[in-house]
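data29.txt (compact mmCIF, N, CA and C atoms)
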# COMPACT_ATOMS: atom_id res chain seq x y z
N MET A 416 -76.17 -117.29 -119.88
CA MET A 416 -75.69 -116.20 -119.05
C MET A 416 -74.20 -116.01 -119.32
N GLU A 417 -73.84 -114.81 -119.60
CA GLU A 417 -72.45 -114.46 -119.90
C GLU A 417 -71.49 -114.83 -118.76
N THR A 418 -71.94 -114.66 -117.54
CA THR A 418 -71.09 -114.92 -116.38
C THR A 418 -70.68 -116.39 -116.32
N VAL A 419 -71.59 -117.29 -116.64
CA VAL A 419 -71.27 -118.73 -116.61
C VAL A 419 -70.16 -119.03 -117.62
N ALA A 420 -70.31 -118.54 -118.84
CA ALA A 420 -69.29 -118.78 -119.86
C ALA A 420 -67.95 -118.18 -119.46
N ASP A 421 -67.98 -116.98 -118.91
CA ASP A 421 -66.75 -116.32 -118.49
C ASP A 421 -66.07 -117.11 -117.37
N LEU A 422 -66.86 -117.51 -116.37
CA LEU A 422 -66.27 -118.26 -115.26
C LEU A 422 -65.74 -119.60 -115.72
N ARG A 423 -66.42 -120.27 -116.63
CA ARG A 423 -65.91 -121.54 -117.18
C ARG A 423 -64.53 -121.33 -117.82
N ARG A 424 -64.42 -120.28 -118.64
CA ARG A 424 -63.12 -119.99 -119.28
C ARG A 424 -62.04 -119.76 -118.23
N CYS A 425 -62.38 -119.00 -117.21
CA CYS A 425 -61.40 -118.70 -116.15
C CYS A 425 -61.00 -119.95 -115.37
N ILE A 426 -61.95 -120.80 -115.06
CA ILE A 426 -61.65 -122.05 -114.36
C ILE A 426 -60.70 -122.90 -115.18
N ASN A 427 -60.94 -122.95 -116.49
CA ASN A 427 -60.13 -123.80 -117.37
C ASN A 427 -58.67 -123.37 -117.47
N VAL A 428 -58.36 -122.13 -117.12
CA VAL A 428 -56.96 -121.68 -117.20
C VAL A 428 -56.29 -121.57 -115.83
N LEU A 429 -56.99 -121.99 -114.77
CA LEU A 429 -56.33 -122.04 -113.47
C LEU A 429 -55.16 -123.02 -113.55
N PRO A 430 -54.06 -122.73 -112.86
CA PRO A 430 -52.91 -123.64 -112.91
C PRO A 430 -53.30 -125.05 -112.46
N ARG A 431 -52.80 -126.01 -113.21
CA ARG A 431 -53.05 -127.41 -112.87
C ARG A 431 -52.12 -127.85 -111.75
N ILE A 432 -52.51 -128.92 -111.10
CA ILE A 432 -51.68 -129.54 -110.07
C ILE A 432 -51.48 -130.99 -110.48
N SER A 433 -50.23 -131.37 -110.65
CA SER A 433 -49.92 -132.72 -111.12
C SER A 433 -48.54 -133.14 -110.64
N HIS A 434 -48.39 -134.40 -110.32
CA HIS A 434 -47.08 -134.93 -109.91
C HIS A 434 -46.02 -134.72 -111.00
N GLU A 435 -46.44 -134.70 -112.24
CA GLU A 435 -45.50 -134.54 -113.35
C GLU A 435 -44.97 -133.12 -113.49
N LEU A 436 -45.59 -132.17 -112.82
CA LEU A 436 -45.22 -130.76 -113.01
C LEU A 436 -44.24 -130.22 -111.97
N GLY A 437 -43.74 -131.08 -111.09
CA GLY A 437 -42.73 -130.61 -110.14
C GLY A 437 -43.25 -130.50 -108.73
N ASP A 438 -42.72 -129.56 -107.99
CA ASP A 438 -43.01 -129.37 -106.57
C ASP A 438 -44.50 -129.17 -106.32
N MET A 439 -45.12 -130.12 -105.62
CA MET A 439 -46.56 -130.08 -105.39
C MET A 439 -46.98 -128.89 -104.51
N MET A 440 -46.19 -128.59 -103.50
CA MET A 440 -46.53 -127.47 -102.62
C MET A 440 -46.52 -126.15 -103.40
N ASP A 441 -45.53 -125.98 -104.26
CA ASP A 441 -45.45 -124.78 -105.08
C ASP A 441 -46.65 -124.71 -106.02
N GLN A 442 -47.03 -125.83 -106.59
CA GLN A 442 -48.20 -125.86 -107.47
C GLN A 442 -49.46 -125.47 -106.72
N HIS A 443 -49.62 -125.99 -105.52
CA HIS A 443 -50.80 -125.64 -104.71
C HIS A 443 -50.81 -124.15 -104.39
N ARG A 444 -49.67 -123.59 -104.06
CA ARG A 444 -49.60 -122.14 -103.78
C ARG A 444 -49.99 -121.34 -105.02
N GLN A 445 -49.47 -121.73 -106.18
CA GLN A 445 -49.79 -121.02 -107.42
C GLN A 445 -51.28 -121.14 -107.74
N HIS A 446 -51.81 -122.33 -107.54
CA HIS A 446 -53.23 -122.56 -107.83
C HIS A 446 -54.10 -121.70 -106.89
N ARG A 447 -53.79 -121.70 -105.60
CA ARG A 447 -54.57 -120.91 -104.64
C ARG A 447 -54.47 -119.42 -104.96
N ALA A 448 -53.28 -118.95 -105.32
CA ALA A 448 -53.11 -117.53 -105.65
C ALA A 448 -53.95 -117.17 -106.88
N ALA A 449 -53.95 -118.04 -107.88
CA ALA A 449 -54.75 -117.78 -109.09
C ALA A 449 -56.24 -117.81 -108.76
N ALA A 450 -56.67 -118.72 -107.90
CA ALA A 450 -58.08 -118.79 -107.50
C ALA A 450 -58.47 -117.52 -106.73
N GLU A 451 -57.58 -117.02 -105.90
CA GLU A 451 -57.84 -115.77 -105.17
C GLU A 451 -58.00 -114.60 -106.15
N ARG A 452 -57.12 -114.54 -107.16
CA ARG A 452 -57.24 -113.49 -108.17
C ARG A 452 -58.57 -113.61 -108.92
N LEU A 453 -58.95 -114.83 -109.25
CA LEU A 453 -60.23 -115.04 -109.92
C LEU A 453 -61.38 -114.58 -109.03
N GLY A 454 -61.30 -114.86 -107.75
CA GLY A 454 -62.33 -114.39 -106.82
C GLY A 454 -62.44 -112.87 -106.82
N ARG A 455 -61.30 -112.18 -106.81
CA ARG A 455 -61.32 -110.71 -106.85
C ARG A 455 -61.92 -110.22 -108.17
N TYR A 456 -61.58 -110.89 -109.27
CA TYR A 456 -62.13 -110.53 -110.57
C TYR A 456 -63.66 -110.67 -110.55
N LEU A 457 -64.16 -111.78 -110.01
CA LEU A 457 -65.61 -111.99 -109.95
C LEU A 457 -66.29 -110.93 -109.08
N THR A 458 -65.64 -110.57 -107.99
CA THR A 458 -66.18 -109.53 -107.11
C THR A 458 -66.22 -108.19 -107.83
N ASP A 459 -65.12 -107.83 -108.48
CA ASP A 459 -65.04 -106.54 -109.17
C ASP A 459 -65.94 -106.48 -110.39
N THR A 460 -66.05 -107.57 -111.13
CA THR A 460 -66.77 -107.58 -112.40
C THR A 460 -68.26 -107.86 -112.24
N TYR A 461 -68.60 -108.80 -111.38
CA TYR A 461 -69.99 -109.26 -111.27
C TYR A 461 -70.61 -109.04 -109.89
N GLY A 462 -69.87 -108.43 -108.99
CA GLY A 462 -70.40 -108.18 -107.66
C GLY A 462 -70.52 -109.42 -106.79
N ALA A 463 -69.71 -110.43 -107.10
CA ALA A 463 -69.74 -111.67 -106.31
C ALA A 463 -69.39 -111.38 -104.86
N ARG A 464 -70.01 -112.16 -103.98
CA ARG A 464 -69.64 -112.15 -102.57
C ARG A 464 -69.04 -113.51 -102.27
N ILE A 465 -67.83 -113.52 -101.79
CA ILE A 465 -67.13 -114.77 -101.50
C ILE A 465 -66.75 -114.78 -100.03
N ALA A 466 -67.19 -115.81 -99.34
CA ALA A 466 -66.88 -115.98 -97.93
C ALA A 466 -66.06 -117.25 -97.77
N GLN A 467 -64.87 -117.10 -97.21
CA GLN A 467 -64.01 -118.27 -97.00
C GLN A 467 -63.83 -118.49 -95.50
N ARG A 468 -64.05 -119.70 -95.12
CA ARG A 468 -63.79 -120.14 -93.75
C ARG A 468 -62.93 -121.39 -93.88
N PRO A 469 -62.30 -121.80 -92.81
CA PRO A 469 -61.43 -122.98 -92.92
C PRO A 469 -62.15 -124.22 -93.47
N GLU A 470 -63.44 -124.35 -93.16
CA GLU A 470 -64.15 -125.57 -93.54
C GLU A 470 -65.01 -125.43 -94.79
N ILE A 471 -65.25 -124.20 -95.26
CA ILE A 471 -66.16 -124.02 -96.40
C ILE A 471 -65.91 -122.70 -97.11
N THR A 472 -66.14 -122.71 -98.41
CA THR A 472 -66.10 -121.49 -99.23
C THR A 472 -67.48 -121.32 -99.84
N ARG A 473 -68.06 -120.13 -99.75
CA ARG A 473 -69.38 -119.85 -100.32
C ARG A 473 -69.27 -118.69 -101.29
N ILE A 474 -69.90 -118.85 -102.45
CA ILE A 474 -69.94 -117.82 -103.48
C ILE A 474 -71.40 -117.48 -103.76
N THR A 475 -71.70 -116.19 -103.76
CA THR A 475 -73.03 -115.72 -104.13
C THR A 475 -72.86 -114.67 -105.22
N MET A 476 -73.56 -114.90 -106.32
CA MET A 476 -73.45 -113.99 -107.46
C MET A 476 -74.75 -114.10 -108.26
N HIS A 477 -75.31 -112.99 -108.68
CA HIS A 477 -76.56 -112.96 -109.45
C HIS A 477 -77.68 -113.69 -108.73
N GLY A 478 -77.69 -113.64 -107.40
CA GLY A 478 -78.74 -114.29 -106.64
C GLY A 478 -78.61 -115.80 -106.54
N ILE A 479 -77.49 -116.34 -106.99
CA ILE A 479 -77.25 -117.78 -106.95
C ILE A 479 -76.08 -118.02 -106.00
N SER A 480 -76.26 -118.98 -105.09
CA SER A 480 -75.21 -119.30 -104.13
C SER A 480 -74.76 -120.74 -104.32
N ALA A 481 -73.49 -120.95 -104.04
CA ALA A 481 -72.92 -122.30 -104.06
C ALA A 481 -71.79 -122.33 -103.06
N SER A 482 -71.51 -123.51 -102.54
CA SER A 482 -70.43 -123.64 -101.57
C SER A 482 -69.68 -124.93 -101.82
N SER A 483 -68.54 -125.03 -101.15
CA SER A 483 -67.73 -126.24 -101.25
C SER A 483 -66.82 -126.34 -100.05
N THR A 484 -66.57 -127.55 -99.63
CA THR A 484 -65.57 -127.80 -98.61
C THR A 484 -64.21 -128.07 -99.26
N GLY A 485 -64.16 -128.02 -100.59
CA GLY A 485 -62.94 -128.31 -101.34
C GLY A 485 -62.22 -127.08 -101.86
N GLY A 486 -62.47 -125.92 -101.29
CA GLY A 486 -61.76 -124.72 -101.70
C GLY A 486 -62.46 -123.92 -102.77
N MET A 487 -61.80 -122.85 -103.20
CA MET A 487 -62.41 -121.92 -104.15
C MET A 487 -62.66 -122.55 -105.51
N HIS A 488 -61.72 -123.31 -106.02
CA HIS A 488 -61.89 -123.92 -107.33
C HIS A 488 -63.17 -124.76 -107.36
N ALA A 489 -63.35 -125.60 -106.35
CA ALA A 489 -64.56 -126.43 -106.29
C ALA A 489 -65.81 -125.56 -106.12
N ALA A 490 -65.71 -124.50 -105.34
CA ALA A 490 -66.86 -123.60 -105.18
C ALA A 490 -67.21 -122.93 -106.50
N PHE A 491 -66.20 -122.55 -107.29
CA PHE A 491 -66.46 -121.97 -108.61
C PHE A 491 -67.23 -122.97 -109.48
N ARG A 492 -66.75 -124.22 -109.51
CA ARG A 492 -67.43 -125.25 -110.31
C ARG A 492 -68.85 -125.47 -109.82
N ASN A 493 -69.03 -125.48 -108.50
CA ASN A 493 -70.37 -125.68 -107.95
C ASN A 493 -71.28 -124.51 -108.29
N TRP A 494 -70.73 -123.29 -108.33
CA TRP A 494 -71.55 -122.14 -108.70
C TRP A 494 -71.99 -122.26 -110.15
N VAL A 495 -71.09 -122.66 -111.04
CA VAL A 495 -71.45 -122.84 -112.45
C VAL A 495 -72.59 -123.87 -112.57
N ALA A 496 -72.47 -124.99 -111.86
CA ALA A 496 -73.52 -126.02 -111.91
C ALA A 496 -74.84 -125.47 -111.39
N ALA A 497 -74.81 -124.72 -110.30
CA ALA A 497 -76.04 -124.14 -109.74
C ALA A 497 -76.66 -123.13 -110.71
N ALA A 498 -75.83 -122.31 -111.34
CA ALA A 498 -76.32 -121.32 -112.30
C ALA A 498 -76.94 -122.02 -113.51
N GLU A 499 -76.32 -123.09 -113.98
CA GLU A 499 -76.87 -123.83 -115.12
C GLU A 499 -78.20 -124.48 -114.77
N ARG A 500 -78.32 -125.00 -113.54
CA ARG A 500 -79.61 -125.56 -113.10
C ARG A 500 -80.68 -124.48 -113.09
N LYS A 501 -80.32 -123.32 -112.56
CA LYS A 501 -81.26 -122.21 -112.48
C LYS A 501 -81.69 -121.77 -113.89
N LEU A 502 -80.75 -121.66 -114.80
CA LEU A 502 -81.08 -121.29 -116.19
C LEU A 502 -81.99 -122.32 -116.84
N SER A 503 -81.71 -123.58 -116.58
CA SER A 503 -82.52 -124.66 -117.13
C SER A 503 -83.95 -124.58 -116.62
N GLU A 504 -84.11 -124.28 -115.34
CA GLU A 504 -85.45 -124.13 -114.76
C GLU A 504 -86.20 -122.97 -115.38
N VAL A 505 -85.52 -121.88 -115.61
CA VAL A 505 -86.14 -120.68 -116.19
C VAL A 505 -86.58 -120.95 -117.62
N GLU A 506 -85.78 -121.72 -118.36
CA GLU A 506 -86.09 -121.99 -119.76
C GLU A 506 -87.23 -122.95 -119.95
N GLN A 507 -87.59 -123.70 -118.91
CA GLN A 507 -88.68 -124.69 -119.05
C GLN A 507 -90.02 -124.09 -118.89
Structure translated into structure tokens:
Amino acid sequence: METVADLRRCINVLPRISHELGDMMDQHRQHRAAAERLGRYLTDTYGARIAQRPEITRITMHGISASSTGGMHAAFRNWVAAAERKLSEVEQ
């Protein structure tokens, strides 16, 4: 599925967070802002529905849903894993 490959590429270029890179709070802000932009891209490009609450983020796209209590980045990764499981089931 093209969406999985695209989302993997996008996840891989999200700003990293590391003690070696300077101010941690600034890094977290940059990372969250980039994840928000990625969410808007997924919504505009693939019709994703993203629901964020303080305790959980849920992504639904192409009939596949995934969630995470670890923020958008983790929800993106979980969606990729769910989509790959679904593709694997279809191929069998």
Self-check item: For A:Pro469, the nearest of the candidates A:Gly486, A:Arg423, A:Ala481, A:Leu457, counting only C-alpha atoms
Solution: A:Gly486
Which parts of chain A does DSSP call alpha helix (DSSP H) when run on the backbone here, written out as a short mmCIF file (atom, residue, chain, number, x, y, z; two decimals) with N, CA and C atoms, in the frame of the given file?
data_model
loop_
_atom_site.label_atom_id
_atom_site.label_comp_id
_atom_site.auth_asym_id
_atom_site.auth_seq_id
_atom_site.Cartn_x
_atom_site.Cartn_y
_atom_site.Cartn_z
N GLU A 417 -73.84 -114.81 -119.60
CA GLU A 417 -72.45 -114.46 -119.90
C GLU A 417 -71.49 -114.83 -118.76
N THR A 418 -71.94 -114.66 -117.54
CA THR A 418 -71.09 -114.92 -116.38
C THR A 418 -70.68 -116.39 -116.32
N VAL A 419 -71.59 -117.29 -116.64
CA VAL A 419 -71.27 -118.73 -116.61
C VAL A 419 -70.16 -119.03 -117.62
N ALA A 420 -70.31 -118.54 -118.84
CA ALA A 420 -69.29 -118.78 -119.86
C ALA A 420 -67.95 -118.18 -119.46
N ASP A 421 -67.98 -116.98 -118.91
CA ASP A 421 -66.75 -116.32 -118.49
C ASP A 421 -66.07 -117.11 -117.37
N LEU A 422 -66.86 -117.51 -116.37
CA LEU A 422 -66.27 -118.26 -115.26
C LEU A 422 -65.74 -119.60 -115.72
N ARG A 423 -66.42 -120.27 -116.63
CA ARG A 423 -65.91 -121.54 -117.18
C ARG A 423 -64.53 -121.33 -117.82
N ARG A 424 -64.42 -120.28 -118.64
CA ARG A 424 -63.12 -119.99 -119.28
C ARG A 424 -62.04 -119.76 -118.23
N CYS A 425 -62.38 -119.00 -117.21
CA CYS A 425 -61.40 -118.70 -116.15
C CYS A 425 -61.00 -119.95 -115.37
N ILE A 426 -61.95 -120.80 -115.06
CA ILE A 426 -61.65 -122.05 -114.36
C ILE A 426 -60.70 -122.90 -115.18
N ASN A 427 -60.94 -122.95 -116.49
CA ASN A 427 -60.13 -123.80 -117.37
C ASN A 427 -58.67 -123.37 -117.47
N MET A 439 -45.12 -130.12 -105.62
CA MET A 439 -46.56 -130.08 -105.39
C MET A 439 -46.98 -128.89 -104.51
N MET A 440 -46.19 -128.59 -103.50
CA MET A 440 -46.53 -127.47 -102.62
C MET A 440 -46.52 -126.15 -103.40
N ASP A 441 -45.53 -125.98 -104.26
CA ASP A 441 -45.45 -124.78 -105.08
C ASP A 441 -46.65 -124.71 -106.02
N GLN A 442 -47.03 -125.83 -106.59
CA GLN A 442 -48.20 -125.86 -107.47
C GLN A 442 -49.46 -125.47 -106.72
N HIS A 443 -49.62 -125.99 -105.52
CA HIS A 443 -50.80 -125.64 -104.71
C HIS A 443 -50.81 -124.15 -104.39
N ARG A 444 -49.67 -123.59 -104.06
CA ARG A 444 -49.60 -122.14 -103.78
C ARG A 444 -49.99 -121.34 -105.02
N GLN A 445 -49.47 -121.73 -106.18
CA GLN A 445 -49.79 -121.02 -107.42
C GLN A 445 -51.28 -121.14 -107.74
N HIS A 446 -51.81 -122.33 -107.54
CA HIS A 446 -53.23 -122.56 -107.83
C HIS A 446 -54.10 -121.70 -106.89
N ARG A 447 -53.79 -121.70 -105.60
CA ARG A 447 -54.57 -120.91 -104.64
C ARG A 447 -54.47 -119.42 -104.96
N ALA A 448 -53.28 -118.95 -105.32
CA ALA A 448 -53.11 -117.53 -105.65
C ALA A 448 -53.95 -117.17 -106.88
N ALA A 449 -53.95 -118.04 -107.88
CA ALA A 449 -54.75 -117.78 -109.09
C ALA A 449 -56.24 -117.81 -108.76
N ALA A 450 -56.67 -118.72 -107.90
CA ALA A 450 -58.08 -118.79 -107.50
C ALA A 450 -58.47 -117.52 -106.73
N GLU A 451 -57.58 -117.02 -105.90
CA GLU A 451 -57.84 -115.77 -105.17
C GLU A 451 -58.00 -114.60 -106.15
N ARG A 452 -57.12 -114.54 -107.16
CA ARG A 452 -57.24 -113.49 -108.17
C ARG A 452 -58.57 -113.61 -108.92
N LEU A 453 -58.95 -114.83 -109.25
CA LEU A 453 -60.23 -115.04 -109.92
C LEU A 453 -61.38 -114.58 -109.03
N GLY A 454 -61.30 -114.86 -107.75
CA GLY A 454 -62.33 -114.39 -106.82
C GLY A 454 -62.44 -112.87 -106.82
N ARG A 455 -61.30 -112.18 -106.81
CA ARG A 455 -61.32 -110.71 -106.85
C ARG A 455 -61.92 -110.22 -108.17
N TYR A 456 -61.58 -110.89 -109.27
CA TYR A 456 -62.13 -110.53 -110.57
C TYR A 456 -63.66 -110.67 -110.55
N LEU A 457 -64.16 -111.78 -110.01
CA LEU A 457 -65.61 -111.99 -109.95
C LEU A 457 -66.29 -110.93 -109.08
N THR A 458 -65.64 -110.57 -107.99
CA THR A 458 -66.18 -109.53 -107.11
C THR A 458 -66.22 -108.19 -107.83
N ASP A 459 -65.12 -107.83 -108.48
CA ASP A 459 -65.04 -106.54 -109.17
C ASP A 459 -65.94 -106.48 -110.39
N THR A 460 -66.05 -107.57 -111.13
CA THR A 460 -66.77 -107.58 -112.40
C THR A 460 -68.26 -107.86 -112.24
N TYR A 461 -68.60 -108.80 -111.38
CA TYR A 461 -69.99 -109.26 -111.27
C TYR A 461 -70.61 -109.04 -109.89
N GLY A 486 -62.47 -125.92 -101.29
CA GLY A 486 -61.76 -124.72 -101.70
C GLY A 486 -62.46 -123.92 -102.77
N MET A 487 -61.80 -122.85 -103.20
CA MET A 487 -62.41 -121.92 -104.15
C MET A 487 -62.66 -122.55 -105.51
N HIS A 488 -61.72 -123.31 -106.02
CA HIS A 488 -61.89 -123.92 -107.33
C HIS A 488 -63.17 -124.76 -107.36
N ALA A 489 -63.35 -125.60 -106.35
CA ALA A 489 -64.56 -126.43 -106.29
C ALA A 489 -65.81 -125.56 -106.12
N ALA A 490 -65.71 -124.50 -105.34
CA ALA A 490 -66.86 -123.60 -105.18
C ALA A 490 -67.21 -122.93 -106.50
N PHE A 491 -66.20 -122.55 -107.29
CA PHE A 491 -66.46 -121.97 -108.61
C PHE A 491 -67.23 -122.97 -109.48
N ARG A 492 -66.75 -124.22 -109.51
CA ARG A 492 -67.43 -125.25 -110.31
C ARG A 492 -68.85 -125.47 -109.82
N ASN A 493 -69.03 -125.48 -108.50
CA ASN A 493 -70.37 -125.68 -107.95
C ASN A 493 -71.28 -124.51 -108.29
N TRP A 494 -70.73 -123.29 -108.33
CA TRP A 494 -71.55 -122.14 -108.70
C TRP A 494 -71.99 -122.26 -110.15
N VAL A 495 -71.09 -122.66 -111.04
CA VAL A 495 -71.45 -122.84 -112.45
C VAL A 495 -72.59 -123.87 -112.57
N ALA A 496 -72.47 -124.99 -111.86
CA ALA A 496 -73.52 -126.02 -111.91
C ALA A 496 -74.84 -125.47 -111.39
N ALA A 497 -74.81 -124.72 -110.30
CA ALA A 497 -76.04 -124.14 -109.74
C ALA A 497 -76.66 -123.13 -110.71
N ALA A 498 -75.83 -122.31 -111.34
CA ALA A 498 -76.32 -121.32 -112.30
C ALA A 498 -76.94 -122.02 -113.51
N GLU A 499 -76.32 -123.09 -113.98
CA GLU A 499 -76.87 -123.83 -115.12
C GLU A 499 -78.20 -124.48 -114.77
N ARG A 500 -78.32 -125.00 -113.54
CA ARG A 500 -79.61 -125.56 -113.10
C ARG A 500 -80.68 -124.48 -113.09
N LYS A 501 -80.32 -123.32 -112.56
CA LYS A 501 -81.26 -122.21 -112.48
C LYS A 501 -81.69 -121.77 -113.89
N LEU A 502 -80.75 -121.66 -114.80
CA LEU A 502 -81.08 -121.29 -116.19
C LEU A 502 -81.99 -122.32 -116.84
N SER A 503 -81.71 -123.58 -116.58
CA SER A 503 -82.52 -124.66 -117.13
C SER A 503 -83.95 -124.58 -116.62
N GLU A 504 -84.11 -124.28 -115.34
CA GLU A 504 -85.45 -124.13 -114.76
C GLU A 504 -86.20 -122.97 -115.38
N VAL A 505 -85.52 -121.88 -115.61
CA VAL A 505 -86.14 -120.68 -116.19
C VAL A 505 -86.58 -120.95 -117.62
N GLU A 506 -85.78 -121.72 -118.36
CA GLU A 506 -86.09 -121.99 -119.76
C GLU A 506 -87.23 -122.95 -119.95
#
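Residue nearest A:Ser480, chosen from A:Met440, A:Val419, A:Ile426, A:Ala497 and counting all atoms listed in the file: A:Ala497.
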Quiz item: Please, what distance in Å, to one decimal, runs between atom CA of A:Leu436 and atom CA of A:Ala450?
Solution: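 These atoms are spaced 18.4 Å apart.
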Practice problem: Quick one: pull the distance between atom C of A:Gln467 and atom C of A:Leu502, Å, one decimal. | Solution: 28.3 Å
Practice problem: Name all residues at most 12 Å from A:Gly478 (count only C-alpha atoms; drop same-chain ones fewer than 6 positions away) and give them as a PyMOL selection string. | Solution: chain A and resi 461-464+494+497-498+501
Quiz item: Hey, what's within 6.5 Å of A:His446 if we count only N, CA and C atoms and toss same-chain stuff fewer than 5 positions away? As number ranges by chain, please?
Solution: A: 429-431, 441, 451
Quiz prompt | Point-to-point distance from atom CA of A:Arg444 to atom CA of A:Ile432, Å rounded to tenths | solution =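 Taking atom CA of A:Arg444 and atom CA of A:Ile432, their separation equals 9.9 Å.
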Quiz item: Out of A:Val495, A:Val505, A:Met416, A:Ala489, which residue has the shortest atom-to-atom distance to A:Arg447 when counting only C-alpha atoms?
Solution: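 Nearest candidate to A:Arg447 out of A:Val495, A:Val505, A:Met416, A:Ala489: A:Ala489.
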Exercise. Between A:Ser503, A:Ser483, A:Asn493, A:Ser433, single out the one closest to A:Ile471, counting only C-alpha atoms.
Key: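 So, comparing all the options, the nearest one is A:Ser483.
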